[in-house]
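J.: Structure supplied as protein.cif; contents: mmCIF, C-alpha atoms and all ligand atoms.
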```cif
data_upload
loop_
_atom_site.label_atom_id
_atom_site.label_comp_id
_atom_site.auth_asym_id
_atom_site.auth_seq_id
_atom_site.Cartn_x
_atom_site.Cartn_y
_atom_site.Cartn_z
CA MET P 1 65.88 42.49 -1.92
CA HIS P 2 65.95 45.92 -0.35
CA GLN P 3 64.35 46.08 3.05
CA LYS P 4 62.22 49.10 3.73
CA GLY P 5 63.95 51.70 5.85
CA ILE P 6 64.85 49.51 8.82
CA VAL P 7 68.30 48.02 8.74
CA THR P 8 71.54 49.20 7.27
CA PRO P 9 73.70 46.09 7.30
CA MET P 10 77.25 46.95 8.29
CA THR P 11 79.54 44.17 9.37
CA THR P 12 82.11 45.23 11.93
CA ALA P 13 85.37 43.52 12.67
CA ARG P 14 84.41 42.35 16.14
CA THR P 15 81.03 40.83 15.43
CA PRO P 16 79.35 39.08 12.56
CA PHE P 17 76.05 40.67 13.64
CA PRO P 18 75.29 43.81 11.62
CA ASP P 19 73.98 47.06 13.05
CA GLY P 20 70.24 46.88 13.36
CA PHE P 21 70.22 43.08 13.67
CA LEU P 22 67.00 42.16 15.44
CA TRP P 23 67.60 40.61 18.87
CA GLY P 24 64.46 39.63 20.61
CA ALA P 25 61.94 37.11 21.72
CA SER P 26 58.52 36.03 20.55
CA THR P 27 55.14 35.29 22.07
CA ALA P 28 51.60 34.65 20.83
CA ALA P 29 48.41 36.12 22.27
CA HIS P 30 46.54 32.94 23.19
CA GLN P 31 49.61 31.44 24.82
CA ILE P 32 50.27 34.32 27.21
CA GLU P 33 47.32 36.71 27.48
CA GLY P 34 44.73 34.58 29.27
CA ASN P 35 40.93 34.43 28.95
CA ASN P 36 40.76 34.49 25.18
CA VAL P 37 37.15 33.43 25.54
CA ASN P 38 35.86 34.10 22.02
CA SER P 39 38.52 32.00 20.28
CA ASP P 40 38.14 28.55 18.76
CA TRP P 41 40.82 27.23 21.09
CA TRP P 42 38.96 28.36 24.22
CA ARG P 43 35.94 26.44 22.99
CA LYS P 44 38.04 23.33 22.27
CA GLU P 45 39.60 23.59 25.73
CA HIS P 46 36.15 23.51 27.38
CA ASP P 47 34.02 21.36 25.08
CA GLY P 48 33.96 18.47 27.55
CA THR P 49 35.63 15.98 25.22
CA GLY P 50 38.92 16.04 27.12
CA ARG P 51 40.87 16.29 23.85
CA ILE P 52 42.85 19.20 25.26
CA ALA P 53 44.69 18.09 28.40
CA GLU P 54 44.79 21.45 30.20
CA PRO P 55 42.94 24.74 29.45
CA SER P 56 44.74 28.05 28.99
CA LEU P 57 42.61 29.99 31.55
CA ASP P 58 44.68 33.00 32.72
CA ALA P 59 47.77 31.82 30.82
CA ALA P 60 50.57 34.22 31.89
CA ASP P 61 48.06 37.08 32.37
CA SER P 62 50.03 39.13 29.87
CA TYR P 63 46.84 40.80 28.71
CA HIS P 64 47.23 42.86 31.90
CA ARG P 65 50.97 42.46 32.49
CA TRP P 66 52.38 43.29 29.04
CA ARG P 67 54.12 46.40 30.39
CA GLU P 68 56.06 44.30 32.88
CA ASP P 69 56.99 41.84 30.11
CA MET P 70 58.26 44.59 27.86
CA ASP P 71 60.12 46.30 30.73
CA LEU P 72 61.97 43.06 31.40
CA LEU P 73 62.85 42.43 27.76
CA ALA P 74 64.15 45.97 27.30
CA GLU P 75 66.15 45.84 30.57
CA LEU P 76 67.66 42.53 29.54
CA GLY P 77 69.07 44.17 26.39
CA PHE P 78 66.67 43.00 23.70
CA THR P 79 65.80 45.35 20.87
CA ASP P 80 62.80 43.55 19.39
CA TYR P 81 59.59 41.94 20.62
CA ARG P 82 57.29 39.80 18.48
CA PHE P 83 53.75 39.45 19.74
CA SER P 84 50.41 38.71 18.13
CA VAL P 85 47.15 40.58 18.09
CA GLU P 86 44.08 38.44 18.69
CA TRP P 87 41.40 38.34 16.01
CA ALA P 88 38.87 36.82 18.46
CA ARG P 89 39.23 39.89 20.70
CA ILE P 90 39.27 42.48 17.91
CA GLU P 91 36.27 40.98 16.08
CA PRO P 92 34.42 38.91 18.69
CA VAL P 93 31.27 38.86 16.59
CA GLU P 94 31.33 38.80 12.79
CA GLY P 95 31.54 42.34 11.48
CA ARG P 96 31.65 43.92 14.96
CA PHE P 97 35.03 45.37 15.88
CA SER P 98 36.11 46.27 19.40
CA ARG P 99 37.55 49.77 19.55
CA ALA P 100 38.80 49.04 23.06
CA GLU P 101 40.81 46.02 21.93
CA ILE P 102 42.29 47.89 18.98
CA ALA P 103 43.29 50.65 21.42
CA HIS P 104 44.77 47.99 23.72
CA TYR P 105 47.05 46.65 20.98
CA ARG P 106 47.91 50.18 19.84
CA ARG P 107 49.03 50.92 23.41
CA MET P 108 51.23 47.81 23.24
CA VAL P 109 52.90 49.06 20.04
CA GLU P 110 53.46 52.47 21.61
CA GLY P 111 54.65 50.84 24.85
CA ALA P 112 57.22 48.80 22.97
CA VAL P 113 58.55 51.82 21.11
CA GLU P 114 58.77 53.86 24.35
CA ARG P 115 60.98 51.13 25.80
CA GLY P 116 63.25 50.91 22.75
CA LEU P 117 61.73 47.65 21.52
CA ARG P 118 60.75 47.34 17.87
CA PRO P 119 57.33 45.70 17.74
CA ILE P 120 56.94 42.82 15.30
CA VAL P 121 53.26 42.06 14.98
CA THR P 122 51.69 38.73 14.00
CA LEU P 123 48.11 39.10 12.79
CA HIS P 124 47.17 35.45 13.17
CA HIS P 125 48.85 32.91 15.46
CA PHE P 126 46.76 29.70 15.40
CA THR P 127 43.55 31.03 17.04
CA VAL P 128 40.49 32.34 15.18
CA PRO P 129 37.16 33.72 16.40
CA GLN P 130 34.56 31.02 17.06
CA TRP P 131 32.22 32.54 14.46
CA PHE P 132 34.95 32.21 11.80
CA GLU P 133 35.46 28.55 12.63
CA ASP P 134 31.70 28.02 12.44
CA LEU P 135 31.68 29.47 8.93
CA GLY P 136 34.19 26.83 7.88
CA GLY P 137 37.48 28.55 8.80
CA TRP P 138 40.23 28.95 6.21
CA THR P 139 38.52 26.86 3.57
CA SER P 140 35.36 28.92 3.70
CA GLU P 141 34.87 30.83 0.43
CA ARG P 142 34.65 34.00 2.46
CA ALA P 143 37.94 33.51 4.33
CA PRO P 144 40.09 35.87 2.18
CA GLU P 145 37.50 38.67 2.40
CA LEU P 146 36.90 38.18 6.14
CA PHE P 147 40.58 38.07 7.02
CA ALA P 148 41.27 41.08 4.79
CA ARG P 149 38.56 43.05 6.59
CA TYR P 150 40.09 42.12 9.96
CA VAL P 151 43.53 43.21 8.75
CA GLU P 152 42.06 46.55 7.64
CA ALA P 153 40.59 46.93 11.13
CA CYS P 154 44.13 46.43 12.53
CA ALA P 155 45.35 49.55 10.68
CA PRO P 156 45.46 51.73 13.82
CA VAL P 157 47.67 49.10 15.48
CA ILE P 158 50.20 48.59 12.67
CA ALA P 159 50.10 51.75 10.55
CA ASP P 160 52.98 53.46 12.38
CA SER P 161 56.07 52.19 14.18
CA VAL P 162 55.69 48.51 13.26
CA PRO P 163 58.58 47.57 10.97
CA TYR P 164 57.55 43.94 10.44
CA VAL P 165 54.14 42.36 10.14
CA CYS P 166 53.52 38.60 9.87
CA THR P 167 50.18 37.76 8.28
CA ILE P 168 49.86 34.12 9.34
CA ASN P 169 52.06 32.13 11.71
CA GLU P 170 53.09 28.67 10.50
CA PRO P 171 50.60 28.21 7.66
CA ASN P 172 52.15 24.78 7.14
CA MET P 173 51.19 23.69 10.65
CA ILE P 174 47.69 25.05 10.04
CA ALA P 175 47.43 22.81 6.95
CA VAL P 176 48.89 19.86 8.82
CA MET P 177 46.47 20.38 11.73
CA ALA P 178 43.54 20.70 9.30
CA GLY P 179 44.52 17.37 7.74
CA GLN P 180 44.82 15.83 11.18
CA ALA P 181 41.43 17.26 12.30
CA LYS P 182 39.75 15.75 9.22
CA ARG P 183 41.02 12.43 10.56
CA GLY P 184 39.58 13.20 14.03
CA ASP P 185 42.87 13.95 15.84
CA THR P 186 43.48 17.30 17.64
CA SER P 187 46.78 16.76 19.44
CA PHE P 188 49.38 19.54 19.33
CA PRO P 189 52.01 19.40 18.07
CA PRO P 190 50.69 16.87 15.57
CA ALA P 191 52.48 13.57 16.03
CA GLY P 192 54.42 12.24 13.05
CA LEU P 193 53.82 15.26 10.80
CA PRO P 194 50.67 13.99 9.09
CA THR P 195 49.84 14.92 5.53
CA PRO P 196 48.67 18.53 5.22
CA ASP P 197 45.20 19.25 3.87
CA ASP P 198 45.64 20.50 0.27
CA GLU P 199 42.52 22.63 0.31
CA THR P 200 43.73 24.42 3.45
CA THR P 201 47.18 24.89 1.90
CA ASP P 202 45.69 26.65 -1.13
CA ALA P 203 43.34 28.66 1.07
CA VAL P 204 45.97 30.03 3.45
CA ILE P 205 48.28 30.94 0.56
CA ALA P 206 45.43 32.91 -1.05
CA VAL P 207 44.60 34.57 2.27
CA HIS P 208 48.25 35.49 2.79
CA HIS P 209 48.55 37.15 -0.61
CA ARG P 210 45.35 39.12 -0.07
CA ALA P 211 46.37 40.17 3.44
CA THR P 212 49.81 41.21 2.18
CA ALA P 213 48.17 43.63 -0.24
CA VAL P 214 46.03 45.05 2.58
CA VAL P 215 49.07 45.62 4.82
CA ARG P 216 50.92 47.33 1.96
CA ALA P 217 47.91 49.58 1.39
CA ILE P 218 47.93 50.51 5.09
CA ASN P 219 51.58 51.54 4.90
CA PRO P 220 53.96 50.55 2.10
CA GLU P 221 56.88 51.00 4.51
CA ILE P 222 55.84 47.94 6.54
CA ASN P 223 57.82 44.78 5.79
CA VAL P 224 55.18 42.12 5.37
CA GLY P 225 55.67 38.37 5.23
CA TRP P 226 54.82 35.15 7.01
CA THR P 227 56.58 32.66 9.26
CA VAL P 228 57.03 29.03 8.26
CA ALA P 229 57.77 26.06 10.54
CA ASN P 230 60.93 24.39 9.32
CA GLN P 231 61.28 20.76 10.39
CA VAL P 232 64.90 20.46 9.26
CA TYR P 233 64.32 17.37 7.16
CA GLN P 234 67.56 15.42 6.87
CA ALA P 235 67.74 12.63 4.31
CA LEU P 236 69.26 9.36 5.41
CA PRO P 237 71.57 7.88 2.76
CA GLY P 238 69.59 7.08 -0.38
CA ALA P 239 66.42 8.85 0.82
CA GLU P 240 67.01 12.23 -0.87
CA ASP P 241 64.04 11.92 -3.22
CA VAL P 242 61.72 10.66 -0.47
CA THR P 243 62.80 13.62 1.66
CA ALA P 244 62.15 16.17 -1.07
CA ALA P 245 58.71 14.67 -1.75
CA TYR P 246 57.95 14.64 1.99
CA ARG P 247 59.13 18.21 2.47
CA TRP P 248 57.32 19.85 -0.45
CA PRO P 249 53.71 19.86 0.88
CA ARG P 250 54.81 20.43 4.50
CA GLU P 251 57.28 23.26 3.92
CA ASP P 252 58.51 24.24 0.47
CA VAL P 253 55.13 25.10 -1.03
CA PHE P 254 54.78 27.72 1.73
CA LEU P 255 58.32 29.04 1.21
CA GLU P 256 57.67 29.33 -2.53
CA ALA P 257 54.55 31.37 -1.74
CA ALA P 258 56.78 33.86 0.12
CA LYS P 259 58.73 34.86 -2.98
CA GLY P 260 57.84 38.51 -3.52
CA ASP P 261 57.33 39.12 0.22
CA ASP P 262 59.48 41.65 2.09
CA TRP P 263 60.83 39.02 4.49
CA ILE P 264 60.35 35.44 5.60
CA GLY P 265 60.25 34.13 9.17
CA VAL P 266 62.18 30.94 9.94
CA GLN P 267 60.91 28.85 12.86
CA SER P 268 62.84 25.77 13.90
CA TYR P 269 63.38 23.67 16.99
CA THR P 270 64.71 20.24 16.10
CA ARG P 271 65.37 17.98 13.11
CA THR P 272 63.46 15.20 11.37
CA LYS P 273 65.45 12.43 9.73
CA ILE P 274 63.77 10.85 6.72
CA GLY P 275 64.44 7.33 5.52
CA ALA P 276 62.99 5.33 2.64
CA ASP P 277 59.68 4.90 4.53
CA GLY P 278 59.36 8.40 5.98
CA PRO P 279 60.39 9.96 9.36
CA VAL P 280 62.84 7.98 11.47
CA PRO P 281 62.70 8.69 15.25
CA ALA P 282 65.84 9.89 17.03
CA PRO P 283 67.67 7.04 18.78
CA ASP P 284 66.68 6.23 22.39
CA GLU P 285 69.95 7.61 23.72
CA ALA P 286 69.40 11.04 22.10
CA GLU P 287 68.82 13.92 24.53
CA ARG P 288 65.17 15.00 24.42
CA THR P 289 63.40 18.18 25.48
CA LEU P 290 60.14 18.59 27.42
CA THR P 291 58.26 18.43 24.11
CA ASP P 292 60.02 15.11 23.47
CA TRP P 293 61.92 16.56 20.54
CA GLU P 294 65.58 15.77 19.96
CA PHE P 295 67.86 18.42 21.51
CA TYR P 296 69.49 19.75 18.36
CA PRO P 297 70.80 23.33 18.60
CA ARG P 298 72.11 23.31 15.03
CA ALA P 299 68.56 23.08 13.66
CA VAL P 300 68.34 26.81 13.11
CA GLY P 301 71.36 26.92 10.78
CA HIS P 302 69.95 24.17 8.60
CA ALA P 303 66.53 25.89 8.58
CA ILE P 304 68.03 29.25 7.55
CA ARG P 305 70.14 27.71 4.77
CA HIS P 306 67.25 25.68 3.40
CA THR P 307 64.88 28.66 3.49
CA ALA P 308 67.46 30.85 1.71
CA SER P 309 67.90 28.18 -0.96
CA VAL P 310 64.17 28.32 -1.74
CA VAL P 311 63.25 31.99 -1.28
CA GLY P 312 66.32 33.48 -2.98
CA ASP P 313 66.84 37.13 -2.06
CA VAL P 314 63.97 37.51 0.43
CA PRO P 315 65.52 38.66 3.75
CA ILE P 316 65.28 36.15 6.60
CA VAL P 317 64.40 36.71 10.24
CA VAL P 318 64.46 33.82 12.70
CA THR P 319 61.11 34.41 14.38
CA GLU P 320 61.08 31.30 16.56
CA ASN P 321 63.83 29.02 17.83
CA GLY P 322 64.14 27.61 21.30
CA VAL P 323 63.94 24.73 23.67
CA ALA P 324 61.50 23.50 26.32
CA THR P 325 63.57 22.47 29.31
CA SER P 326 63.48 22.60 33.09
CA ASP P 327 67.28 22.95 33.09
CA ASP P 328 68.25 26.48 32.11
CA GLU P 329 71.87 25.41 31.54
CA ARG P 330 70.62 23.26 28.67
CA ARG P 331 68.78 26.29 27.31
CA SER P 332 72.04 28.25 27.44
CA ALA P 333 73.85 25.40 25.70
CA TYR P 334 71.14 25.30 23.02
CA LEU P 335 71.44 29.06 22.56
CA ALA P 336 75.21 28.91 22.25
CA GLY P 337 74.87 26.34 19.47
CA ALA P 338 72.14 28.34 17.76
CA VAL P 339 74.09 31.60 17.91
CA ASP P 340 77.14 29.91 16.35
CA GLU P 341 74.89 28.84 13.48
CA LEU P 342 73.59 32.40 13.05
CA ALA P 343 77.15 33.71 12.87
CA ALA P 344 78.08 31.03 10.33
CA CYS P 345 75.05 31.85 8.15
CA LEU P 346 75.96 35.55 8.18
CA GLU P 347 79.55 34.72 7.27
CA GLU P 348 78.26 32.61 4.37
CA GLY P 349 76.56 35.77 3.07
CA ILE P 350 72.95 34.82 3.84
CA ASP P 351 70.70 37.86 4.24
CA LEU P 352 69.78 37.13 7.85
CA ARG P 353 68.24 40.11 9.62
CA GLY P 354 67.50 38.92 13.14
CA TYR P 355 66.95 36.29 15.80
CA LEU P 356 63.91 36.07 18.05
CA TYR P 357 63.93 33.33 20.66
CA TRP P 358 60.78 31.33 21.42
CA SER P 359 59.61 32.17 23.89
CA ALA P 360 60.02 35.33 25.92
CA LEU P 361 57.93 33.76 28.70
CA ASP P 362 56.90 30.35 29.89
CA ASN P 363 53.48 29.97 28.37
CA TYR P 364 50.55 27.80 27.34
CA GLU P 365 51.99 25.25 24.94
CA TRP P 366 48.70 24.40 23.20
CA GLY P 367 47.24 22.01 25.75
CA SER P 368 49.82 22.09 28.53
CA PHE P 369 51.86 24.46 30.68
CA ARG P 370 54.51 21.78 31.24
CA PRO P 371 56.91 22.50 28.36
CA THR P 372 58.76 25.57 29.62
CA PHE P 373 60.30 27.40 26.66
CA GLY P 374 60.68 30.76 28.45
CA LEU P 375 63.67 32.99 28.91
CA ILE P 376 61.53 34.36 31.71
CA GLY P 377 59.94 31.96 34.20
CA ILE P 378 56.44 32.51 35.62
CA ASP P 379 55.07 31.74 39.05
CA TRP P 380 51.62 30.42 38.05
CA GLU P 381 50.05 31.46 41.40
CA THR P 382 51.28 35.05 41.54
CA PHE P 383 52.30 35.58 37.88
CA GLU P 384 55.64 36.88 39.16
CA ARG P 385 58.19 36.96 36.34
CA THR P 386 61.81 35.86 36.85
CA PRO P 387 64.37 36.12 34.05
CA ARG P 388 66.57 33.05 33.82
CA ALA P 389 70.36 33.12 33.33
CA SER P 390 69.82 32.34 29.66
CA ALA P 391 67.73 35.53 29.34
CA HIS P 392 70.60 37.60 30.70
CA TRP P 393 73.05 35.87 28.37
CA LEU P 394 70.99 36.39 25.23
CA GLY P 395 69.91 39.89 26.22
CA ASN P 396 73.53 40.86 26.77
CA LEU P 397 74.36 39.56 23.31
CA GLY P 398 71.59 41.80 22.00
CA ARG P 399 73.12 44.77 23.78
CA THR P 400 76.75 44.17 22.80
CA ARG P 401 76.48 41.98 19.68
CA GLU P 402 79.77 40.48 20.81
CA LEU P 403 79.95 36.77 20.17
CA PRO P 404 81.03 35.05 23.39
CA ARG P 405 83.01 31.83 23.28
CA THR P 406 80.66 29.92 25.59
CA ALA P 407 77.15 30.27 26.97
CA ALA P 408 78.30 30.41 30.59
C1 LIG I 1 54.36 27.81 17.34
C2 LIG I 1 54.27 28.17 18.79
C3 LIG I 1 54.61 26.97 19.66
C4 LIG I 1 56.04 26.57 19.36
C5 LIG I 1 56.54 25.37 20.16
C6 LIG I 1 55.43 26.83 17.01
O1 LIG I 1 54.81 25.72 16.41
O2 LIG I 1 54.35 28.95 16.53
O3 LIG I 1 52.99 28.68 19.05
O4 LIG I 1 54.42 27.21 21.01
O5 LIG I 1 56.21 26.28 17.99
O6 LIG I 1 55.77 24.24 19.90
#
```
For the structure just supplied, provide its representation as structure tokens.
Ligand code: BGC

T.:
Amino acid sequence: MHQKGIVTPMTTARTPFPDGFLWGASTAAHQIEGNNVNSDWWRKEHDGTGRIAEPSLDAADSYHRWREDMDLLAELGFTDYRFSVEWARIEPVEGRFSRAEIAHYRRMVEGAVERGLRPIVTLHHFTVPQWFEDLGGWTSERAPELFARYVEACAPVIADSVPYVCTINEPNMIAVMAGQAKRGDTSFPPAGLPTPDDETTDAVIAVHHRATAVVRAINPEINVGWTVANQVYQALPGAEDVTAAYRWPREDVFLEAAKGDDWIGVQSYTRTKIGADGPVPAPDEAERTLTDWEFYPRAVGHAIRHTASVVGDVPIVVTENGVATSDDERRSAYLAGAVDELAACLEEGIDLRGYLYWSALDNYEWGSFRPTFGLIGIDWETFERTPRASAHWLGNLGRTRELPRTAA
């Protein structure tokens, strides 16, 4: 599929990474901005039930410090920055849109461009306005119309200079979390990948298709798509059919729905082995990250290949891949493994357009600040930002596109 006016792939002899390959990092509004007081998550964090261990409060204060964040990313050598705009800020009350917040996000787009960063904008990353949740959220009959109206209101933010727009981040996790909530559980990430809620699956697919049409009407040059969490399901011997049946409602139905989009975002962190009875935990001796996931740098290659096998010729961008660790050398090792996989996928001829690490900054990991995913560390008292060695390594790769032998 032809991508609209952004990238002219041209493989050079010294690097598998084509000109225009996206090198960047990702964030999400609620996880970094702070004080997202009109969102459903803010309410959950303060509803007195104690279901959410730690509230987001000021998060990384990026609502005020976004310039500093973008300065750092650009100085480090990155060419792309994925961030989300917050529906609960833009439409804090149903039908009432904040001109000041739209201007805020427009300034962020302009600020990125001024620094040489291409802005990749996510319209919805897990949080919704409280009023939308009260109406019934995604399964409300009015959801497609209400989300479409919000996307129209975002026109001043995305109409110019935004090459990629993501409508909905990880619709599959939204469906999984909806299924989990129906069973009274609100932990994030959901333990054991519970069965997604079918009604929510259908609803978010319908909302995505409607929102895609709205974005195209705003500017047909925008590449519009969505980003799907890929759990890297690996069948144990004899469990191929079980794995396919397990994967379909949690992943493939959402990839199928992306056929006809301008791009698809791949998001992967670890792998999930499936046996005859479902997921099989990693062995005790396996290295684990601060989210308790198996340390598995090759996940991204598997996720890219699987996504390509389902979506066909839709271009792929890795929009999230990373590791929560307090040892930055392990982050560098993870990155080295991931980058080797990217190179291999390109050499295999997969239409891979970019790599965005999760996350640019340490942030609020949906209930806790403990899992540190960031290329850039944060002092939570002063909000001082400090790029880690891994940030310099990956940023330099963005600048030179030369594939180093090690992640030293
Ligand atoms: C989400 C992020 C989250 C990350 C690590 C993805 O599920 O898009 O918001 O922080 O993975 O858990």

J.: Show me which residues sit within 7 Å of ligand LIG 1 (chain I) when counting only C-alpha atoms and all ligand atoms, and put them as a ChimeraX atom specification.

T.: /P:28,125,169-170,189,229,365-366

J.: If I take CA of Tyr364 (chain P) and CA of Ile32 (chain P), how far is one from the other in Å, to one decimal?

T.: 6.5 Å

J.: Could you pull the residues within 9 Å of Val165 (chain P), counting only C-alpha atoms, minus those fewer than 2 positions along the same chain, as a PyMOL selection string?

T.: chain P and resi 119-123+158+162-163+167+215+222-226

J.: Out of P:Gly34, P:Pro315, P:Gly337, P:Pro129, which residue has the shortest atom-to-atom distance to Trp87 (chain P) when counting all atoms listed in the file?

T.: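 Closest to Trp87 (chain P), using all atoms listed in the file: P:Pro129.
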
J.: List as a ChimeraX atom specification the protein and nucleic acid residues near region 271-285 of chain P, meaning an atom at most 12 Å away when only C-alpha atoms are counted, but skip any in the same chain fewer than 3 places from it.

T.: /P:191-195,229-247,267-268,288,292-303

J.: For CA of Gly395 (chain P) and CA of Met108 (chain P), determine how far apart the two atoms are, in Å to one decimal place.

T.: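 Atom-to-atom, CA of Gly395 (chain P) and CA of Met108 (chain P) are spaced 20.5 Å apart.
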
J.: Interatomic distance between CA of Trp41 (chain P) and CA of Asp198 (chain P)?

T.: 22.4 Å

J.: Which residue, P:Leu22, P:Ala29, P:Ala391, P:Ala178, has the smallest gap to Asp58 (chain P) when you use all atoms listed in the file?

T.: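 Residue with the minimum atom-to-atom distance to Asp58 (chain P): P:Ala29.
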
J.: Give the answer as one residue: which of P:Leu57, P:Cys154, P:Leu346, P:Ile316 has the shortest atom-to-atom distance to Ile102 (chain P), using all atoms listed in the file?

T.: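 Smallest separation from Ile102 (chain P) among the options: P:Cys154.
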
J.: Compare P:Ala389, P:Ile52, P:Leu135, P:Ala338 by their minimum atom-to-atom distance to Asp185 (chain P), counting only C-alpha atoms, and give me the closest one.

T.: P:Ile52

J.: Using all atoms listed in the file for the distances, tell me which of P:Ala153, P:Val228, P:Leu397, P:Leu117 is nearest to Trp263 (chain P).

T.: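 Once distances to Trp263 (chain P) are computed over all atoms listed in the file, the minimum belongs to P:Val228.
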
J.: I'd like the contact shell of Gly377 (chain P) - 7 Å cut-off, all atoms listed in the file, skipping same-chain residues fewer than 3 positions apart - returned as JSON, numbers by chain.

T.: {"P": [361, 362, 374, 385, 386, 387, 388]}

J.: Contacts of Thr127 (chain P) at 10 Å or less, counting only C-alpha atoms, minus same-chain residues fewer than 4 places along, as a ChimeraX atom specification?

T.: /P:28-31,36,38-42,86-88,133

J.: Can I get the selection written as a compact mmCIF listing (two decimals), in the coordinates of the input, with C-alpha atoms?

T.:
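Wrote it out as out.txt, contents follow:
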```txt
# COMPACT_ATOMS: atom_id res chain seq x y z
CA ALA P 28 51.60 34.65 20.83
CA ALA P 29 48.41 36.12 22.27
CA HIS P 30 46.54 32.94 23.19
CA GLN P 31 49.61 31.44 24.82
CA ASN P 36 40.76 34.49 25.18
CA ASN P 38 35.86 34.10 22.02
CA SER P 39 38.52 32.00 20.28
CA ASP P 40 38.14 28.55 18.76
CA TRP P 41 40.82 27.23 21.09
CA TRP P 42 38.96 28.36 24.22
CA GLU P 86 44.08 38.44 18.69
CA TRP P 87 41.40 38.34 16.01
CA ALA P 88 38.87 36.82 18.46
CA GLU P 133 35.46 28.55 12.63
```
